[in-house]
$ cat query-v3.pdb   # PDB, C-alpha atoms and all ligand atoms
ATOM      1  CA  MET X 249       0.000   0.000   0.000
ATOM      2  CA  LEU X 250       1.216   3.526  -0.740
ATOM      3  CA  LEU X 251       2.061   5.967   2.035
ATOM      4  CA  ARG X 252      -0.307   8.788   2.845
ATOM      5  CA  GLU X 253       1.086  12.220   2.057
ATOM      6  CA  VAL X 254       3.469  13.290   4.818
ATOM      7  CA  GLU X 255       5.814  16.219   5.312
ATOM      8  CA  TYR X 256       9.480  15.157   5.322
ATOM      9  CA  VAL X 257      12.369  17.020   6.934
ATOM     10  CA  ARG X 258      16.015  16.025   7.241
ATOM     11  CA  PRO X 259      17.788  17.974  10.004
ATOM     12  CA  SER X 260      21.570  18.177  10.090
ATOM     13  CA  SER X 261      22.045  18.417  13.868
ATOM     14  CA  VAL X 262      20.506  16.889  16.985
ATOM     15  CA  GLU X 263      19.473  20.382  18.150
ATOM     16  CA  GLU X 264      17.622  21.003  14.885
ATOM     17  CA  ALA X 265      15.930  17.576  15.098
ATOM     18  CA  VAL X 266      14.722  18.249  18.650
ATOM     19  CA  SER X 267      13.467  21.687  17.691
ATOM     20  CA  LEU X 268      11.556  20.227  14.688
ATOM     21  CA  LEU X 269      10.055  17.470  16.860
ATOM     22  CA  ALA X 270       9.066  19.912  19.595
ATOM     23  CA  GLY X 271       7.757  22.480  17.124
ATOM     24  CA  HIS X 272       5.378  20.261  15.127
ATOM     25  CA  GLU X 273       2.479  18.414  16.661
ATOM     26  CA  GLY X 274       2.351  14.954  15.132
ATOM     27  CA  ALA X 275       6.057  14.922  14.180
ATOM     28  CA  ARG X 276       7.833  11.597  14.487
ATOM     29  CA  PRO X 277      11.505  10.609  14.197
ATOM     30  CA  LEU X 278      12.382   8.298  11.294
ATOM     31  CA  ALA X 279      15.369   6.021  11.963
ATOM     32  CA  GLY X 280      15.826   2.861   9.854
ATOM     33  CA  GLY X 281      12.149   2.901   8.839
ATOM     34  CA  GLN X 282      11.897  -0.883   9.196
ATOM     35  CA  THR X 283       8.896  -0.622  11.515
ATOM     36  CA  LEU X 284       7.638   2.941  11.060
ATOM     37  CA  LEU X 285       7.202   2.840   7.279
ATOM     38  CA  ASN X 286       5.397  -0.496   7.508
ATOM     39  CA  VAL X 287       2.935   0.774  10.114
ATOM     40  CA  MET X 288       2.421   3.942   8.043
ATOM     41  CA  LYS X 289       1.677   1.831   4.956
ATOM     42  CA  ALA X 290      -0.804  -0.185   7.029
ATOM     43  CA  ARG X 291      -2.352   3.134   8.233
ATOM     44  CA  ALA X 292      -1.685   2.120  11.845
ATOM     45  CA  ALA X 293       0.306   5.368  12.258
ATOM     46  CA  SER X 294      -0.093   8.645  10.378
ATOM     47  CA  PRO X 295       2.517  11.177  11.488
ATOM     48  CA  GLU X 296       2.124  14.679  10.083
ATOM     49  CA  VAL X 297       5.880  15.202   9.752
ATOM     50  CA  LEU X 298       8.694  12.677   9.414
ATOM     51  CA  VAL X 299      11.930  13.932  10.974
ATOM     52  CA  ASP X 300      14.557  11.788   9.243
ATOM     53  CA  LEU X 301      17.575  11.211  11.509
ATOM     54  CA  ALA X 302      19.751   9.900   8.648
ATOM     55  CA  ASP X 303      22.171  12.859   8.616
ATOM     56  CA  LEU X 304      22.769  12.951  12.388
ATOM     57  CA  HIS X 305      26.234  11.425  12.283
ATOM     58  CA  ASP X 306      26.758  12.077  16.023
ATOM     59  CA  LEU X 307      24.095   9.438  16.664
ATOM     60  CA  ARG X 308      25.848   6.824  14.521
ATOM     61  CA  THR X 309      28.937   6.353  16.663
ATOM     62  CA  ILE X 310      30.000   3.622  19.085
ATOM     63  CA  GLY X 311      32.620   4.538  21.717
ATOM     64  CA  PHE X 312      33.460   4.712  25.389
ATOM     65  CA  SER X 313      32.613   7.396  27.941
ATOM     66  CA  ALA X 314      35.292   8.784  30.261
ATOM     67  CA  ASP X 315      34.117   6.346  32.947
ATOM     68  CA  GLY X 316      34.321   3.341  30.625
ATOM     69  CA  LEU X 317      30.677   2.864  29.623
ATOM     70  CA  LEU X 318      30.066   1.519  26.125
ATOM     71  CA  GLU X 319      28.110   4.309  24.374
ATOM     72  CA  ILE X 320      25.953   3.353  21.424
ATOM     73  CA  GLY X 321      24.357   6.159  19.406
ATOM     74  CA  SER X 322      20.661   5.670  18.757
ATOM     75  CA  MET X 323      21.212   5.573  14.948
ATOM     76  CA  VAL X 324      23.751   2.739  15.172
ATOM     77  CA  THR X 325      22.521  -0.127  12.990
ATOM     78  CA  TYR X 326      22.572  -3.820  13.890
ATOM     79  CA  ALA X 327      25.213  -4.280  11.153
ATOM     80  CA  GLN X 328      27.434  -1.706  12.921
ATOM     81  CA  LEU X 329      26.988  -3.488  16.263
ATOM     82  CA  ILE X 330      27.979  -6.789  14.655
ATOM     83  CA  ALA X 331      31.165  -5.276  13.134
ATOM     84  CA  SER X 332      32.178  -3.119  16.124
ATOM     85  CA  SER X 333      35.509  -3.779  17.861
ATOM     86  CA  GLU X 334      34.281  -1.731  20.869
ATOM     87  CA  VAL X 335      31.257  -3.997  21.263
ATOM     88  CA  GLU X 336      33.492  -7.061  20.829
ATOM     89  CA  VAL X 337      35.693  -5.856  23.695
ATOM     90  CA  ALA X 338      33.022  -4.554  26.067
ATOM     91  CA  ARG X 339      29.852  -6.585  25.549
ATOM     92  CA  PRO X 340      29.978  -9.068  22.643
ATOM     93  CA  ILE X 341      26.497 -10.409  23.456
ATOM     94  CA  LEU X 342      25.102  -7.255  21.783
ATOM     95  CA  ALA X 343      26.661  -8.273  18.452
ATOM     96  CA  GLU X 344      25.616 -11.892  18.874
ATOM     97  CA  VAL X 345      21.983 -10.968  19.422
ATOM     98  CA  ALA X 346      21.981  -8.311  16.673
ATOM     99  CA  ALA X 347      23.222 -10.948  14.209
ATOM    100  CA  THR X 348      19.998 -12.928  14.746
ATOM    101  CA  ILE X 349      17.595 -10.036  14.046
ATOM    102  CA  GLY X 350      15.513 -10.231  10.861
ATOM    103  CA  ASP X 351      17.436 -10.507   7.605
ATOM    104  CA  VAL X 352      20.418  -8.695   6.045
ATOM    105  CA  GLN X 353      18.292  -5.769   4.874
ATOM    106  CA  VAL X 354      16.746  -5.281   8.324
ATOM    107  CA  ARG X 355      20.189  -5.530   9.957
ATOM    108  CA  ASN X 356      21.633  -2.954   7.529
ATOM    109  CA  ARG X 357      18.832  -0.425   8.064
ATOM    110  CA  GLY X 358      17.374  -1.134  11.526
ATOM    111  CA  THR X 359      18.817   0.831  14.442
ATOM    112  CA  VAL X 360      19.280   0.270  18.163
ATOM    113  CA  GLY X 361      17.260   3.433  18.863
ATOM    114  CA  GLY X 362      14.403   2.337  16.610
ATOM    115  CA  ASN X 363      14.366  -1.126  18.160
ATOM    116  CA  VAL X 364      13.969   0.175  21.695
ATOM    117  CA  CYS X 365      11.759   3.189  20.869
ATOM    118  CA  VAL X 366       9.208   1.053  19.071
ATOM    119  CA  ALA X 367       9.043  -1.018  22.306
ATOM    120  CA  ASP X 368       7.553  -4.051  20.617
ATOM    121  CA  PRO X 369       7.425  -6.725  23.371
ATOM    122  CA  THR X 370       8.789  -9.313  20.908
ATOM    123  CA  ASN X 371      11.870  -7.295  19.870
ATOM    124  CA  HIS X 372      15.284  -8.754  20.707
ATOM    125  CA  ILE X 373      17.064  -5.743  22.205
ATOM    126  CA  PRO X 374      14.810  -4.590  25.123
ATOM    127  CA  PRO X 375      15.253  -7.603  27.464
ATOM    128  CA  LEU X 376      18.966  -7.703  26.640
ATOM    129  CA  LEU X 377      19.474  -4.051  27.638
ATOM    130  CA  VAL X 378      17.491  -4.598  30.859
ATOM    131  CA  ALA X 379      19.708  -7.569  31.785
ATOM    132  CA  LEU X 380      22.859  -5.560  30.991
ATOM    133  CA  GLY X 381      21.704  -2.653  33.181
ATOM    134  CA  ALA X 382      21.835  -0.127  30.327
ATOM    135  CA  THR X 383      20.858   3.534  30.642
ATOM    136  CA  PHE X 384      19.152   5.671  27.997
ATOM    137  CA  THR X 385      19.869   9.339  27.234
ATOM    138  CA  ILE X 386      16.873  11.346  26.049
ATOM    139  CA  ARG X 387      17.167  14.871  24.611
ATOM    140  CA  GLY X 388      14.307  17.364  24.593
ATOM    141  CA  SER X 389      13.963  21.119  24.258
ATOM    142  CA  GLN X 390      14.436  21.424  28.060
ATOM    143  CA  GLY X 391      17.744  19.519  28.006
ATOM    144  CA  GLU X 392      18.958  15.986  28.531
ATOM    145  CA  ARG X 393      17.987  13.257  31.002
ATOM    146  CA  THR X 394      19.070   9.686  31.612
ATOM    147  CA  VAL X 395      16.749   6.825  32.536
ATOM    148  CA  SER X 396      17.436   3.214  33.456
ATOM    149  CA  ALA X 397      16.293   0.382  31.194
ATOM    150  CA  GLU X 398      13.599  -0.567  33.733
ATOM    151  CA  ASP X 399      12.203   2.973  33.599
ATOM    152  CA  PHE X 400      12.539   3.289  29.833
ATOM    153  CA  PHE X 401      10.064   0.600  28.753
ATOM    154  CA  LEU X 402       6.588   1.662  29.919
ATOM    155  CA  GLY X 403       4.186  -0.465  27.850
ATOM    156  CA  VAL X 404       3.484  -1.939  24.417
ATOM    157  CA  TYR X 405       4.890   0.683  22.008
ATOM    158  CA  VAL X 406       5.307   3.152  24.904
ATOM    159  CA  THR X 407       8.637   4.375  26.300
ATOM    160  CA  ALA X 408       9.966   7.185  28.444
ATOM    161  CA  VAL X 409      10.675   9.213  25.267
ATOM    162  CA  GLY X 410       7.969  11.868  25.278
ATOM    163  CA  GLU X 411       6.453  13.981  22.493
ATOM    164  CA  GLY X 412       9.118  16.212  20.991
ATOM    165  CA  GLU X 413      11.990  14.179  22.459
ATOM    166  CA  LEU X 414      14.737  12.097  20.922
ATOM    167  CA  LEU X 415      16.675   9.116  22.256
ATOM    168  CA  THR X 416      20.308   9.986  21.580
ATOM    169  CA  LYS X 417      22.307   7.105  23.035
ATOM    170  CA  VAL X 418      22.296   3.915  25.056
ATOM    171  CA  SER X 419      25.083   3.369  27.613
ATOM    172  CA  VAL X 420      26.053  -0.140  28.650
ATOM    173  CA  PRO X 421      28.417  -1.003  31.498
ATOM    174  CA  PRO X 422      31.467  -3.016  30.380
ATOM    175  CA  SER X 423      31.303  -6.685  31.336
ATOM    176  CA  SER X 424      34.191  -6.480  33.862
ATOM    177  CA  GLY X 425      34.373 -10.257  34.080
ATOM    178  CA  ALA X 426      30.618 -10.866  34.019
ATOM    179  CA  GLY X 427      29.293 -13.463  31.570
ATOM    180  CA  ASP X 428      26.258 -12.758  29.381
ATOM    181  CA  GLY X 429      23.737 -15.119  27.839
ATOM    182  CA  PHE X 430      20.673 -14.946  25.613
ATOM    183  CA  SER X 431      18.244 -17.689  24.685
ATOM    184  CA  GLY X 432      14.740 -18.086  23.329
ATOM    185  CA  LEU X 433      12.443 -19.845  20.913
ATOM    186  CA  THR X 434      11.682 -18.152  17.603
ATOM    187  CA  ILE X 435       9.054 -18.747  14.970
ATOM    188  CA  GLY X 436      11.368 -19.875  12.176
ATOM    189  CA  LYS X 437      15.158 -19.463  12.210
ATOM    190  CA  HIS X 438      15.434 -15.673  12.490
ATOM    191  CA  GLY X 439      11.828 -14.923  13.310
ATOM    192  CA  THR X 440       9.894 -13.286  16.100
ATOM    193  CA  TYR X 441      10.397 -14.746  19.559
ATOM    194  CA  ILE X 442       7.688 -16.734  21.336
ATOM    195  CA  ALA X 443       9.636 -16.039  24.540
ATOM    196  CA  ASN X 444      13.244 -15.184  25.324
ATOM    197  CA  ALA X 445      15.574 -14.449  28.217
ATOM    198  CA  ALA X 446      18.758 -12.464  28.687
ATOM    199  CA  ALA X 447      21.107 -12.926  31.637
ATOM    200  CA  THR X 448      24.290 -11.522  33.035
ATOM    201  CA  VAL X 449      26.111 -13.284  35.869
ATOM    202  CA  SER X 450      29.111 -12.112  37.872
ATOM    203  CA  ASP X 451      30.473 -12.782  41.347
ATOM    204  CA  ASP X 452      28.449  -9.735  42.442
ATOM    205  CA  GLY X 453      25.110 -11.179  41.349
ATOM    206  CA  ALA X 454      22.821 -11.904  38.433
ATOM    207  CA  ARG X 455      20.385  -9.937  36.293
ATOM    208  CA  ILE X 456      17.831 -11.892  34.303
ATOM    209  CA  ALA X 457      15.219 -10.305  32.008
ATOM    210  CA  LEU X 458      12.445 -12.105  30.165
ATOM    211  CA  GLY X 459      10.967 -10.955  26.852
ATOM    212  CA  CYS X 460       7.567 -11.577  25.160
ATOM    213  CA  VAL X 461       5.809 -12.510  28.414
ATOM    214  CA  ALA X 462       4.408  -9.054  29.250
ATOM    215  CA  ALA X 463       4.116  -5.575  27.757
ATOM    216  CA  THR X 464       7.662  -4.769  28.890
ATOM    217  CA  PRO X 465      10.692  -6.911  29.810
ATOM    218  CA  VAL X 466      10.234  -8.671  33.174
ATOM    219  CA  ARG X 467      13.079  -9.041  35.703
ATOM    220  CA  ALA X 468      13.164 -12.567  37.187
ATOM    221  CA  THR X 469      14.167 -11.241  40.608
ATOM    222  CA  ALA X 470      13.490 -14.384  42.680
ATOM    223  CA  MET X 471      15.611 -16.446  40.285
ATOM    224  CA  GLU X 472      18.307 -13.742  40.346
ATOM    225  CA  GLU X 473      18.554 -13.994  44.135
ATOM    226  CA  ARG X 474      18.703 -17.787  44.095
ATOM    227  CA  VAL X 475      21.355 -17.792  41.373
ATOM    228  CA  ALA X 476      23.421 -15.205  43.226
ATOM    229  CA  ASN X 477      23.254 -17.134  46.505
ATOM    230  CA  GLY X 478      23.865 -20.569  45.057
ATOM    231  CA  GLU X 479      26.455 -22.448  43.105
ATOM    232  CA  PHE X 480      26.427 -22.356  39.334
ATOM    233  CA  SER X 481      25.983 -26.025  38.458
ATOM    234  CA  GLU X 482      23.257 -26.897  35.947
ATOM    235  CA  GLY X 483      21.219 -28.497  38.754
ATOM    236  CA  ALA X 484      21.477 -25.364  40.909
ATOM    237  CA  VAL X 485      20.433 -23.088  38.025
ATOM    238  CA  ARG X 486      17.477 -25.346  37.166
ATOM    239  CA  ALA X 487      16.437 -25.320  40.835
ATOM    240  CA  ALA X 488      16.727 -21.511  40.902
ATOM    241  CA  ALA X 489      14.245 -21.287  38.000
ATOM    242  CA  GLU X 490      11.609 -23.393  39.719
ATOM    243  CA  GLY X 491       8.290 -21.575  39.943
ATOM    244  CA  LEU X 492       9.405 -18.828  37.548
ATOM    245  CA  GLY X 493       6.695 -19.593  34.966
ATOM    246  CA  GLY X 494       4.001 -19.563  37.666
ATOM    247  CA  VAL X 495       4.417 -15.857  38.410
ATOM    248  CA  LEU X 496       4.216 -14.810  34.751
ATOM    249  CA  ASP X 497       1.030 -13.778  32.966
ATOM    250  CA  PRO X 498       1.964 -13.963  29.274
ATOM    251  CA  PRO X 499      -0.467 -13.561  26.390
ATOM    252  CA  SER X 500      -1.926 -16.459  24.393
ATOM    253  CA  ASP X 501      -1.940 -16.068  20.620
ATOM    254  CA  VAL X 502      -1.774 -18.011  17.397
ATOM    255  CA  HIS X 503       1.926 -18.794  18.029
ATOM    256  CA  GLY X 504       1.558 -20.267  21.500
ATOM    257  CA  SER X 505      -0.646 -20.493  24.575
ATOM    258  CA  ALA X 506       0.163 -18.650  27.792
ATOM    259  CA  ASP X 507       1.215 -21.968  29.373
ATOM    260  CA  PHE X 508       3.573 -22.711  26.504
ATOM    261  CA  ARG X 509       5.107 -19.212  26.814
ATOM    262  CA  ARG X 510       5.610 -19.737  30.578
ATOM    263  CA  HIS X 511       7.431 -22.977  29.850
ATOM    264  CA  VAL X 512       9.560 -21.431  27.082
ATOM    265  CA  ALA X 513      10.406 -18.467  29.338
ATOM    266  CA  GLU X 514      11.583 -20.798  32.125
ATOM    267  CA  VAL X 515      13.700 -22.936  29.801
ATOM    268  CA  SER X 516      15.126 -19.806  28.123
ATOM    269  CA  ALA X 517      16.069 -18.321  31.502
ATOM    270  CA  ILE X 518      17.897 -21.512  32.495
ATOM    271  CA  ARG X 519      19.769 -21.603  29.166
ATOM    272  CA  ALA X 520      20.642 -17.890  29.248
ATOM    273  CA  VAL X 521      22.003 -18.164  32.808
ATOM    274  CA  LEU X 522      24.020 -21.315  32.028
ATOM    275  CA  GLN X 523      25.500 -19.576  28.967
ATOM    276  CA  ALA X 524      26.320 -16.517  31.100
ATOM    277  CA  VAL X 525      27.918 -18.709  33.800
ATOM    278  CA  SER X 526      30.078 -20.481  31.213
ATOM    279  CA  ARG X 527      31.365 -17.116  29.941
ATOM    280  CA  ARG X 528      32.018 -15.535  33.331
ATOM    281  CA  LYS X 529      35.612 -14.597  34.107
ATOM    282  CA  GLY X 530      35.844 -14.376  37.868
ATOM    283  CA  PRO X 531      37.605 -16.001  40.798
ATOM    284  CA  SER X 532      34.946 -18.717  41.042
ATOM    285  CA  ALA X 533      34.327 -19.106  37.292
TER     286      ALA X 533
HETATM  287  C1  LIG X 601      11.071  -8.250   8.037
HETATM  288  C2  LIG X 601      11.377  -7.705   9.411
HETATM  289  C3  LIG X 601      11.811  -8.577  10.396
HETATM  290  C4  LIG X 601      12.123  -8.095  11.662
HETATM  291  N1  LIG X 601      12.552  -8.969  12.627
HETATM  292  C5  LIG X 601      12.900  -8.509  13.832
HETATM  293  C6  LIG X 601      13.393  -9.382  14.834
HETATM  294  O1  LIG X 601      13.521 -10.592  14.615
HETATM  295  N2  LIG X 601      13.731  -8.847  16.043
HETATM  296  C7  LIG X 601      13.646  -7.519  16.303
HETATM  297  O2  LIG X 601      14.003  -7.103  17.397
HETATM  298  N3  LIG X 601      13.171  -6.666  15.370
HETATM  299  C8  LIG X 601      12.800  -7.124  14.156
HETATM  300  N4  LIG X 601      12.306  -6.255  13.214
HETATM  301  C9  LIG X 601      12.120  -4.837  13.569
HETATM  302  C10 LIG X 601      13.430  -4.104  13.281
HETATM  303  O3  LIG X 601      14.379  -4.501  14.255
HETATM  304  C11 LIG X 601      13.294  -2.577  13.313
HETATM  305  O4  LIG X 601      14.502  -2.120  12.860
HETATM  306  C12 LIG X 601      13.080  -1.910  14.624
HETATM  307  O5  LIG X 601      11.946  -2.413  15.295
HETATM  308  C13 LIG X 601      12.867  -0.429  14.405
HETATM  309  O6  LIG X 601      14.083   0.182  14.090
HETATM  310  P1  LIG X 601      14.223   1.247  12.935
HETATM  311  O7  LIG X 601      15.576   1.832  13.060
HETATM  312  O8  LIG X 601      13.848   0.664  11.639
HETATM  313  O9  LIG X 601      13.164   2.346  13.443
HETATM  314  P2  LIG X 601      11.960   3.071  12.702
HETATM  315  O10 LIG X 601      11.061   2.090  12.074
HETATM  316  O11 LIG X 601      12.462   4.170  11.862
HETATM  317  O12 LIG X 601      11.243   3.717  13.984
HETATM  318  C14 LIG X 601      10.548   2.910  14.922
HETATM  319  C15 LIG X 601       9.907   3.797  15.973
HETATM  320  O13 LIG X 601      10.878   4.346  16.837
HETATM  321  C16 LIG X 601      10.838   5.784  16.790
HETATM  322  N5  LIG X 601      12.247   6.196  16.862
HETATM  323  C17 LIG X 601      13.265   5.728  16.104
HETATM  324  N6  LIG X 601      14.428   6.266  16.508
HETATM  325  C18 LIG X 601      14.128   7.107  17.520
HETATM  326  C19 LIG X 601      14.928   7.946  18.365
HETATM  327  N7  LIG X 601      16.257   8.054  18.220
HETATM  328  N8  LIG X 601      14.308   8.652  19.328
HETATM  329  C20 LIG X 601      12.951   8.572  19.496
HETATM  330  N9  LIG X 601      12.145   7.787  18.740
HETATM  331  C21 LIG X 601      12.747   7.066  17.759
HETATM  332  C22 LIG X 601      10.170   6.140  15.486
HETATM  333  O14 LIG X 601       9.538   7.395  15.543
HETATM  334  C23 LIG X 601       9.149   5.006  15.372
HETATM  335  O15 LIG X 601       8.027   5.275  16.170
HETATM  336  C24 LIG X 601      11.995  -6.703  11.943
HETATM  337  C25 LIG X 601      11.564  -5.820  10.943
HETATM  338  C26 LIG X 601      11.249  -6.312   9.683
HETATM  339  C27 LIG X 601      10.798  -5.357   8.618
END
$ encode --input "query-v3.pdb" --output "structure tokens"
Amino acid sequence: MLLREVEYVRPSSVEEAVSLLAGHEGARPLAGGQTLLNVMKARAASPEVLVDLADLHDLRTIGFSADGLLEIGSMVTYAQLIASSEVEVARPILAEVAATIGDVQVRNRGTVGGNVCVADPTNHIPPLLVALGATFTIRGSQGERTVSAEDFFLGVYVTAVGEGELLTKVSVPPSSGAGDGFSGLTIGKHGTYIANAAATVSDDGARIALGCVAATPVRATAMEERVANGEFSEGAVRAAAEGLGGVLDPPSDVHGSADFRRHVAEVSAIRAVLQAVSRRKGPSA
């Protein structure tokens, strides 16, 4: 289907983009267009103005902050993540997961910012960034603010980025010896997840986030505590996951019942934690 008529602007600086977004009711940022253009074609969204972020080169960089955080600009594509030496050094799980998103075209065009801002509960990146303890920098006409991953995802297609605001970067702590894991069951080889789990495990504790079981990623806090207090054998990790599915209230749909999603979430959490444990570099690894 053809797009409805829409005004198109292509700012050359972040300041100009924010001022265009704040100055036009119904303006919407355009990143890789892999979701937005499809929903516009389907008439599920009809922005008045598309603010194309393509020329904002400041948002396309990957680097380190002065205090060692891995900083990923919101316009960084999955292909960039996969090829990045900084990601390889600091948090290679980001490249591993990005390599399983969609197809080559989606990975060449789709961006980290678009993936998290669309806040689709089945997207790969949100639970991963929650498990990694990432923070998100949002720029508006009043200035800049930073929110945690838990506070960023507010609902299906809803995030902490307000009208007239722009996500500029995502900051991820370096692994510092922690191991990371990601597991899930997809519909087809590189398809949408039925349920997934991301985990990071270090001698200081564990963070486990589940995807596709609620509107936003869900922290498996009881399992985190049991993993952190226990040993890391397969039996101990399986025991730590006991009861996890019972506290979840996932949707039922054509791809799987709620019960099936609970089961997949539990198995995914066990696999993600075991993968993270096997990659941990610590005194008791
Ligand atoms: C065939 C196909 C298969 C796919 N498979 C997967 C998959 O397996 N896993 C997966 O995770 N995703 C998948 N996707 C979705 C893909 O990852 C998209 O790239 C992503 O959801 C949106 O990123 P984008 O850069 O294309 O954003 P766009 O489509 O341009 O934008 C998406 C939304 O985010 C907003 N936005 C974008 N950037 C910003 C910003 N910096 N600040 C504020 N708001 C912003 C836009 O206004 C829009 O509302 C698939 C897409 C397609 C077409």
$ resolve_selection --input "query-v3.pdb" --expression "the PyMOL selection byres (((not hetatm)) within 7 of (chain X and resi 601))" --output "MDAnalysis selection string"
chainID X and resid 276:285 322:323 348:351 354 357:363 365:366 370:373 409 413:416 438:440
$ closest_residue --input "query-v3.pdb" --among "X:Pro369, X:Pro465, X:Pro422, X:Pro498" --to "X:Gly311" --atoms "only C-alpha atoms"
X:Pro422
$ residues_near_point --input "query-v3.pdb" --point "(24.6, -9.6, 12.3)" --cutoff "9 Å" --atoms "all atoms listed in the file" --output "PyMOL selection string"
chain X and resi 326-331+343-349+351-352+355-356
$ residues_near_point --input "query-v3.pdb" --point "(24.0, -10.4, 23.9)" --cutoff "9 Å" --atoms "all atoms listed in the file" --output "PyMOL selection string"
chain X and resi 339-346+373+376-377+380+428-430+446-447
$ resolve_selection --input "query-v3.pdb" --expression "the PyMOL selection byres (((chain X and resi 384) around 9) and not hetatm)" --output "NGL selection string"
:X and (382-383 or 385-386 or 393-397 or 400 or 415-419)
$ closest_residue --input "query-v3.pdb" --among "X:Ser294, X:Ser261, X:Ser267, X:Gln523" --to "X:Ser389" --atoms "all atoms listed in the file"
X:Ser267
$ atom_distance --input "query-v3.pdb" --atom1 "atom CA of X:Arg258" --atom2 "atom CA of X:Asp300"
4.9 Å
$ axis_aligned_box --input "query-v3.pdb" --around "stretch 267-282 of chain X" --padding-each-side "8 Å" --output "AutoDock Vina command-line options"
--center_x 9.1 --center_y 10.8 --center_z 14.2 --size_x 29.5 --size_y 39.4 --size_z 26.8
$ atom_distance --input "query-v3.pdb" --atom1 "atom CA of X:Val406" --atom2 "atom CA of X:Arg455"
23.0 Å
$ closest_residue --input "query-v3.pdb" --among "X:Asp497, X:Asp306, X:Asp452, X:Glu296" --to "X:Val475" --atoms "all atoms listed in the file"
X:Asp452
